[in-house]
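Colleague: Next up is a structure, given as C-alpha cells.
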Number of protein chains: 2
Amino acid sequence: MNHTTKCRMLIMLLFVALSNVAFGQNRLPGIAAETNINAESYPRILPDLRVMFGVKAPDAQRVQLDLGKKYDMQKDADGFWTCTTDPQVPGFHYYFLIVDGVSVSDPASESFYGCGKMSSAIDVPEAGCDFYALRDVPHGVIRSTNYYSNETDSWRPINIYTPPGYGKESGRKYPVLYIQHGGGEDHRGWAVQGKTATILDNLIADGKAEKMIVVIANGNVSRGGGGYNKKGMEPFIHEMTKNIIPYVEANYRVLTDQKNRAIAGLSMGGGQAFYAGLQNTDLFGSVGIFSSGIFGGIARQDTPAFDAEKEIPGLLTNSKRFNEQLQLLYISVGEQDMRIDATRKQIGLFKEYGLNVTFETFPGDHEWQVWRKSLHSMASKLFK
Amino acid sequence: MNHTTKCRMLIMLLFVALSNVAFGQNRLPGIAAETNINAESYPRILPDLRVMFGVKAPDAQRVQLDLGKKYDMQKDADGFWTCTTDPQVPGFHYYFLIVDGVSVSDPASESFYGCGKMSSAIDVPEAGCDFYALRDVPHGVIRSTNYYSNETDSWRPINIYTPPGYGKESGRKYPVLYIQHGGGEDHRGWAVQGKTATILDNLIADGKAEKMIVVIANGNVSRGGGGYNKKGMEPFIHEMTKNIIPYVEANYRVLTDQKNRAIAGLSMGGGQAFYAGLQNTDLFGSVGIFSSGIFGGIARQDTPAFDAEKEIPGLLTNSKRFNEQLQLLYISVGEQDMRIDATRKQIGLFKEYGLNVTFETFPGDHEWQVWRKSLHSMASKLFK
C-alpha cells in the first residue's frame with residue numbers, strides 16, 4: 001500500500017468517524033485532537049468544529065476554558081469537568097484551563113511557546129486544506145543551534161530550515177527567507193506552530209516554490225520586546241543585520257545578493273520586517289508583513305497614527321525607487337482580524353501612490369492558520 | 001572582552017548574588033532558575049540549593065508542589081503561594097504544581113516532555129560542573145525531521161546531532177551513536193533535557209571525543225511503551241534496525257561498519273539498548289546502558305528476576321565472544337537510584353564470567369544529571 005492510498009484510507013476513516021459521531025473505545029463524539037498527548041481522549045473535535053474539553057478535577061470549585069472566550073466547565077459525578085465550545089474557525093488556537101482562578105496549560109495537550117508562556121493549543125483541521133500536511137515527498141530539516149549576539153551579549157537559539165537536497169547539492173547556494181514570530185512567541189513559533197518545514201517541503205515537491213533556506217530567529221531582542229514602533233525595532237534590526245545575517249552567511253551556503261534575501265514576519269514580526277526590510281532595501285529584495293498592527297487597528301500607546309512616509313521616507317512620494325528595488329512587497333491579514341480595516345486603508349494609500357504591493361486576506365482572526373497561508377503564498381512568489 | 005572573560009565575570013556575579021542572598025529588583029533571596037520564562041522571579045534557587053516556588057492563586061483552596069516529594073505551599077495576603085524545598089541534588093528534576101487537586105505545569109517555567117506529559121522542571125546547577133555549558137567553541141546542530149516507519153505505518157519525528165564541520169567536510173564520514181530516552185519521554189529528551197549538542201560540542205572542542213553523529217529517535221514504538229522485557233522491546237528493535245538505521249545511512253554521511261555504530265539509552269532506553277545492542281553485535285560495536293531497571297531494583301510485573309544468560313544466550317558462558325565483538329560495554333547508574341544494588345549485583349556477575357564492562361556511578365537519583373554525565377563519559381570512550 002503506498003502512502004497516497006494510505007492517506008485516502010485515513011481520510012475515509014476520519015470521515016466515517018465524523019459521520020457516526022462514535023469513535024474510539026470510549027464511544028465519545030468526534031475525534032481526539034492531534035495535539036493530545038498519550039492518546040488522551042480530550043480535547044475532542046466534533047464534526048461541526050465545536051470542541052469538547054475535559055479535565056479531571058474532583059476537588060476544584062470552578063474550572064473554566066479560556067479560548068479567548070471563556071467557557072464554564074461542568075463537573076460530573078466522577079469529578080470530570082467538560083465543556084463544548086461554539087464552532088471554531090479552522091486553525092491553531094492557544095487556550096488555557098482556569099482551575100480555581102489559576103490559568104494553566106492543559107495536561108492532556110502538547111504545549112507551545114505562545115502568549116509569553118507555555119500554552120496549550122487546539123489545531124482545528126480545515127476541510128480540503130493539505131498544504132501543511134506531512135506528505136511522502138523529500139523532507140528538509142529544521143536545524144537548531146546557537147549563535148553569539150553582540151547585541152544581547154549572550155548565546156541565542158536559532159532554527160534554520162534547509163530544503164531537501166541541501167546536504168547533497170554541495171556546490172549549490174540557496175536564497176534565504178528570514179521569518180519572524182509574533183509577540184509572546186519565540187524561535188519555536190514558525191518551526192512548530194507555523195509548520196514551515198512541511199509547507200516548504202510540499203511547495204518544493206510540487207514545483208511551486210524555489211528551494212530556499214528559511215531562518216527562524218528569536219526576535220525578542222529587547223527586554224519586553226522593545227515596543228512596536230520604529231525606535232523599539234532598532235535592537236532587532238541591529239541583531240538581524242549585524243549578527244543573524246552574518247552568522248547565516250558564514251555557516252550556510254546562501255546566495256548573498258539583495259534579490260535572493262527576503263524578510264517576513266507576523267504581527268510584531270511583521271513590524272520588524274517592515275522596518276528592517278524597508279529601511280534596508282539594499283539588503284532585502286522582498287518583504288512580507290503578515291497581520292501587523294503597525295498600520296493601526298490595535299490600541300497601543302506606542303503606535304500613534306501610522307504615517308508611512310514618516311516611518312520610511314520616500315515610501316509614498318518616491319514609490320518608484322521601492323518598486324525598482326523590491327521584487328515583492330507582500331502584505332496579508334486575517335479577515336476577522338481587528339487590524340484589517342487599518343491594513344486595507346494603508347494598502348489603498350500605497351496603491352494611490354503607485355507603490356507595488358501584493359495584498360491578500362485569509363479567513364480567520366489573528367492566528368497561525370492565516371500565517372501558514374501567508375507563508376505558503378509568499379514563498380511561492382519569492383526568488384522567481 | 002572575549003567569551004572566557006565574560007564567562008568568568010558572569011560566574012563572579014553569580015557568586016556575589018548567591019553570597020549576598022539579595023538579587024534582582026525584588027530583593028528576593030537566591031537567583032531565578034534559568035528555566036523560568038519571561039524573567040519570572042520564581043522558581044528561585046537558594047545558595048544551599050533549596051528551591052523556592054511561587055504561584056499567584058488567590059481563589060485556590062490548596063496549592064502543593066510535587067517534586068517527587070510533595071510540599072504544601074502557603075498563601076500570603078496577596079494570594080501568592082510559596083514554599084521552600086529541602087536542599088536539592090544538582091541536576092534536572094521534573095515537577096508539578098497541584099492546584100486544588102489538579103496536577104499542572106508551572107506557568108512560570110519552561111515545559112519539557114517527561115512523565116508522559118508536558119512537565120515543568122528545575123535544573124539545579126552543580127558547582128564546578130561545566131561540561132554541558134554553552135561555550136565559545138564550534139557548535140554542531142540538532143536536525144529535526146520525520147522519517148516513515150513501516151512498523152507504525154506513520155511518519156515519526158527524529159532528531160539528529162551533526163558535529164561542527166559536518167556541512168563543510170563533505171568527503172568525511174562519521175561514526176554514529178543511537179541514543180534513547182526513558183519511559184514517559186520522547187525524541188526531545190536527549191536534545192533538550194540531555195543537552196546532547198553542548199556535551200558533544202565541548203568534548204569535541206577539547207579533543208576528548210571523536211566527531212560523531214548522534215541519532216535521537218522516538219522510542220515509544222509500541223502503544224504504551226510495550227513493556228520493559230525482551231518481548232516488549234521487539235517492536236523497537238525492528239524499528240531501529242529496519243527503519244531508523246537505514247534512514248540515517250541513506251541520508252547522512254555515516255560509517256556503516258559495526259565498530260563505528262553504537263547504541264545507548266537511559267532507563268527504558270537502557271533496556272532497549274541492552275536488547276537491541278547485545279542481540280545484534282554484528283550491527284553495534286558499542287552498547288551503553290544508563291540507569292536501566294532491567295537488572296532489577298524496581299517492582300514491575302513484567303520484569304521477573306533477571307537472568308542475563310537467558311536474555312542474551314552466551315553473554316555469561318561465552319563472554320569471550322562478546323569481548324571480541326564489543327569495543328565498549330558501558331553501564332552506569334545514579335548512586336541514589338533504587339536500581340543501584342541490582343545493577344551492582346549484575347556487574348559482579350558479568351565480571352565473574354569475564355565479560356568486559358565499564359561501570360560507573362554518579363551522584364544523583366534517576367535523573368538527567370546522571371544521564372548527561374553518562375553520555376559525557378561514554379562518548380569520550382567511543383570510536384577510539
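The way I read the labels, and the way they are meant: chains A, B, ... in the order of the C-alpha cells, residue 1 as the first residue of every chain, and ligand 1 as the first ligand shown, with later ones counted on from there.
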Compile the residues of chain A that lie within 7 Å of chain B, evaluated using only C-alpha atoms, and express the compilation as a list in words.

Modeller: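 Every residue of chain A that passes the 7 Å test is in Ile37, Asn38, Ala57, Asp59, Ala60, Asp100, Gly101, Val102, Val104, Ser105, Pro107, Glu110, Ser111, Gly116, Lys117, Met118, Gly140, Val141, Ile142, Arg143, Ser144 and Thr145 of chain A.
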
Colleague: Pull the alpha helix (DSSP H) assignments for stretch 209-301 of chain B out of DSSP run on the backbone, and list those residues as a ChimeraX atom specification.

Modeller: /B:230-238,245-251,268-278

Colleague: For the strand (DSSP E) assignment from backbone DSSP, which residues of stretch 39-195 of chain B qualify? Please present them as a PyMOL selection string.

Modeller: chain B and resi 44-45+51-56+63-67+69-72+74-75+80-84+91-99+102-104+111-114+117-124+141-149+154-162+176-180

Colleague: Within 12 Å of A:Pro125, counting only C-alpha atoms, which residues qualify if same-chain residues fewer than 6 places away don't, as a list of chain:residue names?

Modeller: A:Ile11, A:Leu14, A:Ile31, A:Ala32, A:Ala33, A:Glu34, A:Thr35, A:Arg44, A:Ile45, A:Leu46, A:Pro47, A:Asp48, A:Leu49, A:Arg50, A:Val51, A:Gln88, A:Val89, A:Pro90, A:Gly91, A:Phe92, A:His93, A:Phe131, A:Tyr132, A:Ala133, A:Gln369

Colleague: Print the selection's residues with N, CA, C and O atoms to a file, as a compact mmCIF listing (two decimals), in the first residue's frame.

Modeller:
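Saved to result35.txt:
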# COMPACT_ATOMS: atom_id res chain seq x y z
N ILE A 11 -8.33 9.33 5.46
CA ILE A 11 -9.35 10.38 5.32
C ILE A 11 -10.74 9.75 5.35
O ILE A 11 -11.66 10.27 5.98
N LEU A 14 -11.55 8.85 8.87
CA LEU A 14 -11.86 10.07 9.59
C LEU A 14 -13.29 10.49 9.30
O LEU A 14 -14.06 10.84 10.20
N ILE A 31 -13.49 13.34 17.22
CA ILE A 31 -12.16 12.72 17.25
C ILE A 31 -11.24 13.48 18.19
O ILE A 31 -11.37 14.69 18.36
N ALA A 32 -10.32 12.73 18.80
CA ALA A 32 -9.34 13.36 19.69
C ALA A 32 -8.45 14.27 18.86
O ALA A 32 -8.06 13.93 17.74
N ALA A 33 -8.12 15.43 19.41
CA ALA A 33 -7.26 16.38 18.69
C ALA A 33 -5.87 15.78 18.50
O ALA A 33 -5.38 15.06 19.37
N GLU A 34 -5.23 16.13 17.39
CA GLU A 34 -3.91 15.54 17.11
C GLU A 34 -2.82 16.08 18.02
O GLU A 34 -1.75 15.52 18.10
N THR A 35 -3.11 17.16 18.71
CA THR A 35 -2.15 17.73 19.67
C THR A 35 -2.27 17.10 21.06
O THR A 35 -1.54 17.47 21.96
N ARG A 44 -11.57 17.06 22.14
CA ARG A 44 -12.15 16.34 21.01
C ARG A 44 -12.78 17.33 20.05
O ARG A 44 -13.48 18.26 20.47
N ILE A 45 -12.58 17.09 18.76
CA ILE A 45 -13.14 17.97 17.74
C ILE A 45 -14.37 17.31 17.15
O ILE A 45 -14.31 16.17 16.69
N LEU A 46 -15.50 18.01 17.19
CA LEU A 46 -16.76 17.46 16.70
C LEU A 46 -16.92 17.78 15.21
O LEU A 46 -16.24 18.66 14.68
N PRO A 47 -17.82 17.05 14.54
CA PRO A 47 -17.98 17.25 13.08
C PRO A 47 -18.28 18.69 12.69
O PRO A 47 -17.86 19.15 11.62
N ASP A 48 -18.97 19.43 13.55
CA ASP A 48 -19.30 20.82 13.21
C ASP A 48 -18.25 21.80 13.73
O ASP A 48 -18.48 23.00 13.80
N LEU A 49 -17.07 21.26 14.13
CA LEU A 49 -15.93 22.04 14.61
C LEU A 49 -16.15 22.70 15.97
O LEU A 49 -15.36 23.56 16.38
N ARG A 50 -17.22 22.29 16.68
CA ARG A 50 -17.20 22.59 18.11
C ARG A 50 -16.12 21.71 18.73
O ARG A 50 -15.77 20.66 18.19
N VAL A 51 -15.58 22.16 19.86
CA VAL A 51 -14.53 21.38 20.52
C VAL A 51 -14.95 21.08 21.96
O VAL A 51 -15.45 21.97 22.66
N GLN A 88 -15.58 26.32 15.96
CA GLN A 88 -14.32 27.07 15.87
C GLN A 88 -13.91 27.29 14.41
O GLN A 88 -14.16 26.43 13.55
N VAL A 89 -13.27 28.42 14.18
CA VAL A 89 -12.66 28.67 12.88
C VAL A 89 -11.49 27.68 12.72
O VAL A 89 -10.73 27.49 13.67
N PRO A 90 -11.36 27.02 11.57
CA PRO A 90 -10.19 26.14 11.40
C PRO A 90 -8.90 26.91 11.67
O PRO A 90 -8.80 28.09 11.34
N GLY A 91 -7.96 26.21 12.26
CA GLY A 91 -6.67 26.84 12.55
C GLY A 91 -6.22 26.56 13.96
O GLY A 91 -6.82 25.75 14.68
N PHE A 92 -5.16 27.25 14.34
CA PHE A 92 -4.42 26.96 15.57
C PHE A 92 -4.77 28.00 16.63
O PHE A 92 -4.44 29.17 16.48
N HIS A 93 -5.41 27.55 17.72
CA HIS A 93 -5.86 28.48 18.75
C HIS A 93 -5.24 28.14 20.10
O HIS A 93 -5.44 27.04 20.62
N PHE A 131 -1.98 21.77 2.54
CA PHE A 131 -0.66 22.31 2.15
C PHE A 131 0.37 22.21 3.26
O PHE A 131 1.55 22.28 3.01
N TYR A 132 -0.09 22.01 4.52
CA TYR A 132 0.88 21.82 5.61
C TYR A 132 0.81 20.41 6.20
O TYR A 132 1.27 20.18 7.31
N ALA A 133 0.25 19.48 5.44
CA ALA A 133 0.22 18.08 5.90
C ALA A 133 1.53 17.39 5.53
O ALA A 133 2.09 17.64 4.46
N GLN A 369 -3.30 29.89 11.30
CA GLN A 369 -3.79 29.41 10.01
C GLN A 369 -3.59 30.50 8.94
O GLN A 369 -3.19 30.21 7.82

Colleague: Skip A:Ala262 itself and residues of its chain fewer than 5 positions away, then list as a compact mmCIF listing (two decimals) with N, CA, C and O atoms, in the first residue's frame all residues within 10 Å of it, counting only C-alpha atoms.

Modeller:
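Listed below is the output, part-v3.txt:
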# COMPACT_ATOMS: atom_id res chain seq x y z
N PRO A 175 18.72 30.87 -2.02
CA PRO A 175 18.18 32.14 -1.49
C PRO A 175 17.69 31.92 -0.05
O PRO A 175 17.46 30.79 0.37
N VAL A 176 17.53 33.01 0.68
CA VAL A 176 17.16 32.92 2.11
C VAL A 176 15.98 33.82 2.45
O VAL A 176 15.96 35.00 2.12
N LEU A 177 15.04 33.23 3.18
CA LEU A 177 13.95 34.00 3.78
C LEU A 177 14.17 34.03 5.29
O LEU A 177 14.27 32.98 5.93
N TYR A 178 14.26 35.24 5.85
CA TYR A 178 14.32 35.42 7.30
C TYR A 178 12.90 35.68 7.77
O TYR A 178 12.26 36.62 7.29
N ILE A 179 12.40 34.86 8.69
CA ILE A 179 10.98 34.98 9.06
C ILE A 179 10.81 35.04 10.57
O ILE A 179 11.41 34.27 11.31
N VAL A 214 15.19 28.91 5.16
CA VAL A 214 14.34 29.79 5.96
C VAL A 214 14.95 29.90 7.36
O VAL A 214 15.14 28.89 8.03
N ALA A 273 9.73 43.17 10.19
CA ALA A 273 10.04 43.01 8.77
C ALA A 273 9.83 44.31 8.01
O ALA A 273 10.60 44.65 7.10
N GLY A 277 13.18 45.58 6.68
CA GLY A 277 13.18 45.39 5.24
C GLY A 277 13.19 46.70 4.48
O GLY A 277 14.04 46.92 3.59
N THR A 281 16.59 48.32 1.89
CA THR A 281 16.28 47.70 0.60
C THR A 281 17.55 47.35 -0.17
O THR A 281 17.48 46.66 -1.18
N LEU A 283 19.68 45.51 1.28
CA LEU A 283 19.90 44.14 1.78
C LEU A 283 18.80 43.18 1.37
O LEU A 283 19.07 42.01 1.08
N PHE A 284 17.55 43.65 1.43
CA PHE A 284 16.41 42.76 1.24
C PHE A 284 15.68 43.06 -0.06
O PHE A 284 15.21 44.18 -0.26
N GLY A 285 15.51 42.04 -0.89
CA GLY A 285 14.81 42.21 -2.16
C GLY A 285 13.33 41.96 -2.06
O GLY A 285 12.57 42.31 -2.97
N SER A 286 12.89 41.31 -0.97
CA SER A 286 11.47 41.05 -0.77
C SER A 286 11.13 41.21 0.70
O SER A 286 11.93 40.88 1.58
N VAL A 287 9.90 41.71 0.95
CA VAL A 287 9.46 41.97 2.32
C VAL A 287 8.03 41.46 2.48
O VAL A 287 7.18 41.72 1.63
N GLY A 288 7.78 40.72 3.59
CA GLY A 288 6.45 40.19 3.87
C GLY A 288 5.95 40.64 5.23
O GLY A 288 6.66 40.52 6.23
N LEU A 326 12.45 46.51 -4.90
CA LEU A 326 11.80 45.32 -4.33
C LEU A 326 11.21 44.42 -5.42
O LEU A 326 10.49 44.88 -6.29
N GLN A 327 11.53 43.15 -5.31
CA GLN A 327 10.88 42.18 -6.18
C GLN A 327 9.46 41.91 -5.72
O GLN A 327 8.57 41.64 -6.50
N LEU A 328 9.28 41.94 -4.38
CA LEU A 328 7.97 41.61 -3.82
C LEU A 328 7.76 42.35 -2.50
O LEU A 328 8.60 42.27 -1.60
N LEU A 329 6.67 43.08 -2.41
CA LEU A 329 6.21 43.60 -1.12
C LEU A 329 4.87 42.93 -0.87
O LEU A 329 3.88 43.20 -1.56
N ALA A 379 5.95 32.38 -0.11
CA ALA A 379 7.09 31.55 -0.53
C ALA A 379 6.96 31.14 -1.99
O ALA A 379 7.97 31.01 -2.70
N LEU A 382 8.39 34.01 -4.14
CA LEU A 382 9.74 34.51 -3.89
C LEU A 382 10.78 33.98 -4.87
O LEU A 382 10.69 32.83 -5.31
N PHE A 383 11.78 34.80 -5.12
CA PHE A 383 13.02 34.39 -5.79
C PHE A 383 12.78 33.84 -7.20
O PHE A 383 13.51 32.96 -7.65

Colleague: Point out the residue among B:Ala121, B:Cys83, B:Ile294, B:Ile158 with the least atom-to-atom distance to B:Ile244, counting only C-alpha atoms.

Modeller: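 Going through B:Ala121, B:Cys83, B:Ile294, B:Ile158 one by one, the smallest distance to B:Ile244 is for B:Ile158.
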
Colleague: Just give me the gap between atom CA of A:Leu28 and atom CA of B:Glu185 in Å, one decimal is fine.

Modeller: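 It comes out at 27.4 Å.
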
Colleague: Any idea what's packed within 6 Å of A:Met73, counting only C-alpha atoms, ignoring anything in its chain fewer than 2 positions away? Could you give it as a PyMOL selection string?

Modeller: chain A and resi 63-64+81-83
